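input_6.cif follows (mmCIF, C-alpha atoms):
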```cif
data_final
#
loop_
_atom_site.label_atom_id
_atom_site.label_comp_id
_atom_site.auth_asym_id
_atom_site.auth_seq_id
_atom_site.Cartn_x
_atom_site.Cartn_y
_atom_site.Cartn_z
CA LEU A 1 86.50 105.52 122.24
CA ALA A 2 84.32 102.60 121.16
CA PRO A 3 82.79 104.33 118.08
CA ALA A 4 86.25 105.34 116.86
CA ALA A 5 87.51 101.80 117.42
CA ARG A 6 84.64 100.32 115.44
CA ARG A 7 85.25 102.86 112.67
CA GLY A 8 88.86 101.75 112.70
CA LEU A 9 87.80 98.15 112.13
CA ALA A 10 85.67 99.22 109.16
CA HIS A 11 88.61 101.18 107.81
CA LEU A 12 90.96 98.21 108.11
CA ALA A 13 88.48 95.94 106.32
CA ARG A 14 88.13 98.51 103.53
CA MET A 15 91.89 98.85 103.16
CA ALA A 16 92.14 95.07 102.81
CA GLY A 17 89.35 94.98 100.23
CA ASP A 18 86.90 93.12 102.48
CA PHE A 19 83.98 95.34 101.56
CA PRO A 20 81.11 93.15 102.89
CA THR A 21 82.67 93.25 106.36
CA ALA A 22 83.40 96.97 106.07
CA LEU A 23 79.82 97.72 105.05
CA ALA A 24 78.27 95.59 107.79
CA THR A 25 80.47 97.34 110.35
CA ALA A 26 79.70 100.79 108.93
CA ARG A 27 75.96 100.29 109.21
CA ALA A 28 76.30 99.70 112.95
CA LEU A 29 78.52 102.71 113.67
CA GLY A 30 75.91 105.42 114.19
CA TRP A 31 76.70 109.12 114.12
CA GLU A 32 79.51 108.88 116.66
CA GLY A 33 81.28 106.40 114.38
CA ARG A 34 80.69 108.61 111.32
CA HIS A 35 78.58 105.88 109.69
CA HIS A 36 77.54 107.83 106.59
CA ARG A 37 81.05 108.95 105.67
CA VAL A 38 82.38 105.43 106.15
CA GLU A 39 79.67 104.11 103.84
CA GLY A 40 80.64 106.71 101.24
CA ASP A 41 84.24 105.52 101.50
CA ILE A 42 83.03 102.01 100.73
CA TRP A 43 80.78 102.84 97.80
CA TRP A 44 83.02 105.02 95.69
CA PRO A 45 85.64 102.28 95.06
CA HIS A 46 82.71 100.25 93.72
CA GLY A 47 82.11 103.00 91.13
CA ALA A 48 78.70 103.52 92.78
CA MET A 49 79.13 107.27 92.90
CA ASP A 50 75.41 107.94 93.37
CA ARG A 51 75.43 105.91 96.60
CA ALA A 52 78.70 107.48 97.69
CA ALA A 53 77.43 111.02 97.03
CA ALA A 54 74.21 110.32 98.96
CA ALA A 55 76.21 108.96 101.89
CA TYR A 56 78.60 111.92 101.95
CA THR A 57 75.71 114.37 101.71
CA ALA A 58 74.03 112.68 104.68
CA ALA A 59 77.33 112.80 106.57
CA ARG A 60 77.75 116.51 105.88
CA ASP A 61 74.19 117.31 106.93
CA GLU A 62 74.48 115.22 110.08
CA ALA A 63 77.74 116.96 110.99
CA GLU A 64 76.03 120.30 110.54
CA GLN A 65 73.22 119.21 112.88
CA HIS A 66 75.80 118.28 115.51
CA GLY A 67 77.85 121.43 114.96
CA VAL A 68 81.06 119.59 114.04
CA THR A 69 82.73 121.92 111.56
CA GLY A 70 85.69 119.72 110.70
CA GLU A 71 83.55 116.68 109.94
CA ARG A 72 81.25 118.81 107.83
CA GLY A 73 84.17 120.02 105.72
CA ASN A 74 85.65 116.53 105.50
CA SER A 75 82.39 115.03 104.25
CA GLN A 76 81.93 117.90 101.80
CA ALA A 77 85.40 117.34 100.34
CA HIS A 78 84.65 113.65 99.82
CA LEU A 79 81.32 114.53 98.21
CA ALA A 80 83.16 116.74 95.72
CA PHE A 81 85.58 113.89 95.04
CA ALA A 82 82.80 111.41 94.25
CA LEU A 83 80.98 113.88 91.99
CA GLY A 84 84.25 114.72 90.25
CA PHE A 85 83.96 111.40 88.41
CA THR A 86 80.32 111.81 87.40
CA ASP A 87 79.22 115.43 87.13
CA PRO A 88 81.87 118.13 86.58
CA ALA A 89 79.41 121.00 86.98
CA ALA A 90 78.03 119.68 90.26
CA ALA A 91 81.55 118.90 91.46
CA ASP A 92 82.54 122.49 90.75
CA ASN A 93 79.75 123.77 92.99
CA GLU A 94 80.55 121.29 95.75
CA LEU A 95 84.25 122.17 95.60
CA ALA A 96 83.40 125.84 96.10
CA LEU A 97 81.43 124.93 99.23
CA ALA A 98 84.21 122.64 100.45
CA GLU A 99 86.71 125.48 100.18
CA GLN A 100 84.43 127.69 102.27
CA LEU A 101 83.98 125.05 104.94
CA LEU A 102 87.68 124.24 105.14
CA ALA A 103 88.82 127.85 105.30
CA SER A 104 88.33 127.97 109.07
CA VAL A 105 89.84 124.59 109.98
CA ASP A 106 93.30 123.04 109.68
CA LEU A 107 92.70 119.81 107.77
CA ARG A 108 95.63 119.47 105.40
CA ALA A 109 94.80 116.00 104.11
CA THR A 110 91.18 117.00 103.47
CA THR A 111 92.31 120.07 101.55
CA LEU A 112 94.50 117.86 99.38
CA ILE A 113 91.45 115.68 98.68
CA THR A 114 89.72 118.73 97.22
CA HIS A 115 92.66 119.19 94.85
CA ILE A 116 92.36 115.56 93.74
CA ALA A 117 88.62 116.10 93.30
CA ALA A 118 89.37 119.05 91.01
CA LEU A 119 91.55 116.79 88.86
CA ALA A 120 88.74 114.23 88.63
CA ARG A 121 86.38 117.03 87.61
CA ASP A 122 88.75 118.05 84.81
CA ALA A 123 89.75 114.53 83.72
CA GLY A 124 89.97 114.07 79.97
CA ARG A 125 90.28 117.75 79.16
CA THR A 126 93.19 118.94 77.05
CA ASP A 127 93.02 122.52 78.36
CA ALA A 128 93.20 121.87 82.11
CA ASP A 129 96.91 120.99 82.60
CA VAL A 130 95.87 117.87 84.47
CA ASP A 131 99.29 116.17 84.32
CA ASP A 132 101.22 119.28 85.42
CA ARG A 133 98.81 119.95 88.28
CA ALA A 134 99.08 116.32 89.34
CA GLN A 135 102.87 116.58 89.48
CA VAL A 136 102.68 119.61 91.75
CA LEU A 137 100.04 117.91 93.90
CA ARG A 138 102.16 114.77 94.23
CA THR A 139 104.95 116.87 95.72
CA LYS A 140 102.51 118.48 98.17
CA ILE A 141 101.17 115.07 99.22
CA ARG A 142 104.66 113.72 99.87
CA THR A 143 105.67 116.84 101.77
CA ALA A 144 102.56 116.57 103.93
CA GLY A 145 103.36 112.93 104.64
CA VAL A 146 99.90 111.65 103.67
CA THR A 147 101.21 109.13 101.17
CA TYR A 148 97.95 107.18 100.99
CA LEU A 149 96.52 110.12 99.06
CA GLU A 150 99.07 109.48 96.34
CA LEU A 151 97.11 106.33 95.53
CA ALA A 152 93.93 108.36 95.06
CA LEU A 153 95.91 110.78 92.90
CA ASP A 154 97.18 107.98 90.66
CA LEU A 155 93.69 106.49 90.47
CA THR A 156 92.38 109.87 89.31
CA LEU A 157 95.19 110.13 86.76
CA ALA A 158 94.25 106.65 85.51
CA PHE A 159 90.73 107.98 84.99
CA HIS A 160 92.10 110.96 83.05
CA HIS A 161 94.25 108.77 80.82
CA ALA A 162 91.46 106.24 80.31
CA VAL A 163 89.12 109.00 79.14
CA ARG A 164 91.82 110.11 76.71
CA ASP A 165 92.30 106.46 75.64
CA ASP A 166 96.00 106.66 76.48
CA HIS A 167 96.73 103.06 77.39
CA ASP A 168 100.44 103.61 77.98
CA GLN A 169 99.88 106.35 80.56
CA ALA A 170 97.03 104.39 82.16
CA ALA A 171 99.30 101.35 82.44
CA ALA A 172 101.98 103.56 84.01
CA ALA A 173 99.46 104.69 86.62
CA VAL A 174 98.59 101.05 87.33
CA ALA A 175 102.29 100.26 87.78
CA ARG A 176 102.73 103.14 90.25
CA ILE A 177 99.74 101.96 92.26
CA GLN A 178 101.05 98.41 92.34
CA ALA A 179 104.47 99.61 93.48
CA ASN A 180 102.86 101.53 96.34
CA THR A 181 100.53 98.76 97.50
CA THR A 182 102.91 95.83 97.84
CA GLY A 183 101.88 95.53 101.48
CA GLY A 184 98.33 94.68 100.42
CA ASP A 185 96.48 97.77 101.63
CA TYR A 186 94.44 99.40 98.86
CA ALA A 187 95.86 96.90 96.36
CA TYR A 188 92.46 96.85 94.63
CA TYR A 189 93.11 100.39 93.37
CA ALA A 190 95.22 98.80 90.63
CA ASP A 191 92.26 96.63 89.63
CA ILE A 192 90.04 99.73 89.47
CA ALA A 193 92.57 101.52 87.27
CA CYS A 194 92.55 98.53 84.91
CA TYR A 195 88.75 98.52 84.87
CA MET A 196 88.72 102.18 83.81
CA ALA A 197 91.11 101.73 80.90
CA ASP A 198 89.69 98.34 79.88
CA LEU A 199 93.06 96.74 80.60
CA THR A 200 93.50 93.11 81.56
CA VAL A 201 94.04 92.66 85.28
CA GLN A 202 97.25 90.65 85.30
CA GLU A 203 97.16 89.82 89.01
CA THR A 204 93.96 90.70 90.80
CA ALA A 205 94.10 92.00 94.34
CA GLY A 206 91.24 89.65 95.20
CA ALA A 207 88.96 92.30 96.67
CA GLN A 208 85.63 91.06 98.00
CA TRP A 209 83.26 93.44 96.26
CA VAL A 210 79.73 93.89 97.56
CA ASP A 211 78.31 93.72 94.03
CA GLY A 212 80.89 91.46 92.38
CA ALA A 213 83.95 92.34 90.28
CA GLU A 214 82.16 92.41 86.92
CA VAL A 215 79.59 94.93 88.14
CA VAL A 216 82.38 97.11 89.53
CA ARG A 217 84.34 96.87 86.28
CA ALA A 218 81.27 97.86 84.27
CA ARG A 219 80.57 100.87 86.49
CA TRP A 220 84.09 102.25 86.24
CA ARG A 221 84.25 101.70 82.50
CA ASP A 222 80.88 103.42 82.10
CA LEU A 223 82.19 106.43 84.02
CA VAL A 224 85.02 106.71 81.50
CA LEU A 225 82.77 106.37 78.47
CA THR A 226 80.25 108.84 79.88
CA ARG A 227 83.00 111.43 80.41
CA ARG A 228 84.19 110.94 76.82
CA THR A 229 80.68 111.55 75.56
CA HIS A 230 80.41 114.65 77.73
CA LEU A 231 83.69 116.07 76.42
CA GLU A 232 82.64 115.37 72.85
CA GLY A 233 79.57 117.53 73.39
CA GLY A 234 77.07 114.75 74.03
CA PRO A 235 74.26 114.83 76.60
#
```

Take the structure I supplied and represent it as structure tokens, if you would.
Amino acid sequence: LAPAARRGLAHLARMAGDFPTALATARALGWEGRHHRVEGDIWWPHGAMDRAAAAYTAARDEAEQHGVTGERGNSQAHLAFALGFTDPAAADNELALAEQLLASVDLRATTLITHIAALARDAGRTDADVDDRAQVLRTKIRTAGVTYLELALDLTLAFHHAVRDDHDQAAAAVARIQANTTGGDYAYYADIACYMADLTVQETAGAQWVDGAEVVRARWRDLVLTRRTHLEGGP
């Protein structure tokens, strides 16, 4: 049980926004503690999607080597989520693989993550019914009782609205996140949502970022601007 316990400590540090501690713990977990996936979970909130994708890919491949089907599908779903913010075409391919891997296992929360990843992939589009799909997904998340995923859903919606330069809807997403993180866990999601939409952070969650808040803000804002360029037909 020791590897799972250590992974739990990394998870608690990440929830609290103590990323240096979470990362140091993750690097000592080894395969049994799912070190690569934990590192991916640390890097994507930083907007470092390249690092997150590399970590999730390593986690998936390591799970395959050990013959752990559920972990392979879980890592693949998270890989699709990370790429959903950076490369819609690649995310589409990874989502297809995730669906194949999850078809033979009962991982409801992981399946819901793939649906959130699909929304990130389609963020900013006017022809993808993002808001309607998000409403249906919110109901599914609440029914499944995995309410922490609602925070990831609202973060993805904030990305969508930021790409569309809809400050009112982005601010509404921030407000929902704040209302659902009054206990302190994942409170930094609201900061990330503000970074995306270039909104002023009224009351920072005080996360201890590995690279510093300004670097994280710049990364998330760049993801938004890059998606706008992509949707406008740019490179």

- Message: On this structure, the PyMOL selection byres ((chain A and resi 16-25) around 6) would catch which residues? List them as a PyMOL selection string, sorted by chain and number.
- Response: chain A and resi 10+13-15+26-28+185+207-210

Where does segment 36-61 of chain A meet segment 94-112 of chain A within 12 Å, residue by residue, with the nearest atom pair and distance in Å to one decimal for each, counting all atoms listed in the file, listed by chain and rising number, as a tab-separated table?
```
residue	atom	partner	partner_atom	distance
A:Ala53	CA	A:Glu94	CA	10.8
A:Tyr56	CA	A:Glu94	CA	11.4
A:Thr57	CA	A:Glu94	CA	10.3
A:Arg60	CA	A:Ala98	CA	10.4
```

- Task: Choose the residue, out of A:Cys194, A:Leu151, A:Ala59, A:Ala144, that has the smallest atom-to-atom separation from Ala179 of chain A; count all atoms listed in the file.
- Result: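 Closest residue, counting all atoms listed in the file: A:Leu151.
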
- Would you mind reading off the distance between atom CA of Ala134 of chain A and atom CA of Asn74 of chain A, one decimal, in Å? 21.0 Å

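Applying the 10 Å criterion to (92.9, 119.4, 84.7) in file coordinates and using all atoms listed in the file, one obtains the residues Ile116, Ala118, Leu119, Ala120, Arg121, Asp122, Ala123, Gly124, Arg125, Thr126, Asp127, Ala128, Asp129, Val130, Asp131, Asp132, Arg133, Ala134, Leu157 and His160 of chain A.
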
- Item | Nearest-residue call for His115 of chain A, choices A:Asp165, A:Glu64, A:Asp92, A:Glu203, using only C-alpha atoms | A:Asp92

- Which of these, A:Gly84, A:Gly33, A:Gly67, A:Gly73, has the shortest distance to Ala52 of chain A once you count only C-alpha atoms?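 Answer, going by the shortest atom-to-atom distance: A:Gly84.
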
Using 5 Å of padding on each side, determine the axis-aligned box around all atoms of segment 78-85 of chain A present in the file and give its centre and edge lengths in Å to one decimal, as JSON.
```
{"center_x": 83.3, "center_y": 114.1, "center_z": 94.1, "size_x": 14.6, "size_y": 15.3, "size_z": 21.4}
```

Write segment 201-225 of chain A as a JSON list (two decimals), in the frame of the given file, completed to N, CA and C atoms.
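Now in part_4.json:
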```
[["chain", "number", "residue", "atom", "x", "y", "z"],
["A", 201, "VAL", "N", 93.48, 92.70, 83.93],
["A", 201, "VAL", "CA", 94.04, 92.66, 85.28],
["A", 201, "VAL", "C", 94.98, 91.46, 85.33],
["A", 202, "GLN", "N", 96.27, 91.73, 85.35],
["A", 202, "GLN", "CA", 97.25, 90.65, 85.30],
["A", 202, "GLN", "C", 97.26, 89.82, 86.58],
["A", 203, "GLU", "N", 97.15, 90.51, 87.72],
["A", 203, "GLU", "CA", 97.16, 89.82, 89.01],
["A", 203, "GLU", "C", 96.19, 90.54, 89.93],
["A", 204, "THR", "N", 94.99, 90.02, 90.03],
["A", 204, "THR", "CA", 93.96, 90.70, 90.80],
["A", 204, "THR", "C", 94.32, 90.76, 92.28],
["A", 205, "ALA", "N", 93.87, 91.84, 92.91],
["A", 205, "ALA", "CA", 94.10, 92.00, 94.34],
["A", 205, "ALA", "C", 93.17, 91.12, 95.16],
["A", 206, "GLY", "N", 92.16, 90.55, 94.50],
["A", 206, "GLY", "CA", 91.24, 89.65, 95.20],
["A", 206, "GLY", "C", 90.28, 90.34, 96.15],
["A", 207, "ALA", "N", 89.91, 91.57, 95.82],
["A", 207, "ALA", "CA", 88.96, 92.30, 96.67],
["A", 207, "ALA", "C", 87.62, 91.56, 96.71],
["A", 208, "GLN", "N", 86.97, 91.63, 97.85],
["A", 208, "GLN", "CA", 85.63, 91.06, 98.00],
["A", 208, "GLN", "C", 84.63, 92.19, 97.81],
["A", 209, "TRP", "N", 84.17, 92.35, 96.58],
["A", 209, "TRP", "CA", 83.26, 93.44, 96.26],
["A", 209, "TRP", "C", 81.84, 93.10, 96.70],
["A", 210, "VAL", "N", 81.11, 94.10, 97.14],
["A", 210, "VAL", "CA", 79.73, 93.89, 97.56],
["A", 210, "VAL", "C", 78.88, 93.43, 96.39],
["A", 211, "ASP", "N", 79.12, 94.01, 95.22],
["A", 211, "ASP", "CA", 78.31, 93.72, 94.03],
["A", 211, "ASP", "C", 78.98, 92.79, 93.03],
["A", 212, "GLY", "N", 80.18, 92.33, 93.31],
["A", 212, "GLY", "CA", 80.89, 91.46, 92.38],
["A", 212, "GLY", "C", 81.80, 92.25, 91.46],
["A", 213, "ALA", "N", 82.92, 91.64, 91.06],
["A", 213, "ALA", "CA", 83.95, 92.34, 90.28],
["A", 213, "ALA", "C", 83.44, 92.81, 88.93],
["A", 214, "GLU", "N", 82.61, 92.03, 88.26],
["A", 214, "GLU", "CA", 82.16, 92.41, 86.92],
["A", 214, "GLU", "C", 81.26, 93.64, 86.96],
["A", 215, "VAL", "N", 80.44, 93.74, 87.99],
["A", 215, "VAL", "CA", 79.59, 94.93, 88.14],
["A", 215, "VAL", "C", 80.46, 96.16, 88.39],
["A", 216, "VAL", "N", 81.47, 96.00, 89.23],
["A", 216, "VAL", "CA", 82.38, 97.11, 89.53],
["A", 216, "VAL", "C", 83.14, 97.53, 88.28],
["A", 217, "ARG", "N", 83.63, 96.55, 87.53],
["A", 217, "ARG", "CA", 84.34, 96.87, 86.28],
["A", 217, "ARG", "C", 83.43, 97.65, 85.33],
["A", 218, "ALA", "N", 82.20, 97.21, 85.19],
["A", 218, "ALA", "CA", 81.27, 97.86, 84.27],
["A", 218, "ALA", "C", 80.98, 99.30, 84.71],
["A", 219, "ARG", "N", 80.84, 99.51, 86.00],
["A", 219, "ARG", "CA", 80.57, 100.87, 86.49],
["A", 219, "ARG", "C", 81.72, 101.81, 86.17],
["A", 220, "TRP", "N", 82.95, 101.38, 86.48],
["A", 220, "TRP", "CA", 84.09, 102.25, 86.24],
["A", 220, "TRP", "C", 84.29, 102.52, 84.76],
["A", 221, "ARG", "N", 84.09, 101.51, 83.95],
["A", 221, "ARG", "CA", 84.25, 101.70, 82.50],
["A", 221, "ARG", "C", 83.17, 102.64, 81.98],
["A", 222, "ASP", "N", 81.97, 102.54, 82.52],
["A", 222, "ASP", "CA", 80.88, 103.42, 82.10],
["A", 222, "ASP", "C", 81.18, 104.87, 82.48],
["A", 223, "LEU", "N", 81.82, 105.07, 83.63],
["A", 223, "LEU", "CA", 82.19, 106.43, 84.02],
["A", 223, "LEU", "C", 83.14, 107.05, 83.01],
["A", 224, "VAL", "N", 84.06, 106.24, 82.51],
["A", 224, "VAL", "CA", 85.02, 106.71, 81.50],
["A", 224, "VAL", "C", 84.30, 107.05, 80.20],
["A", 225, "LEU", "N", 83.46, 106.16, 79.73],
["A", 225, "LEU", "CA", 82.77, 106.37, 78.47],
["A", 225, "LEU", "C", 81.80, 107.55, 78.55]]
```
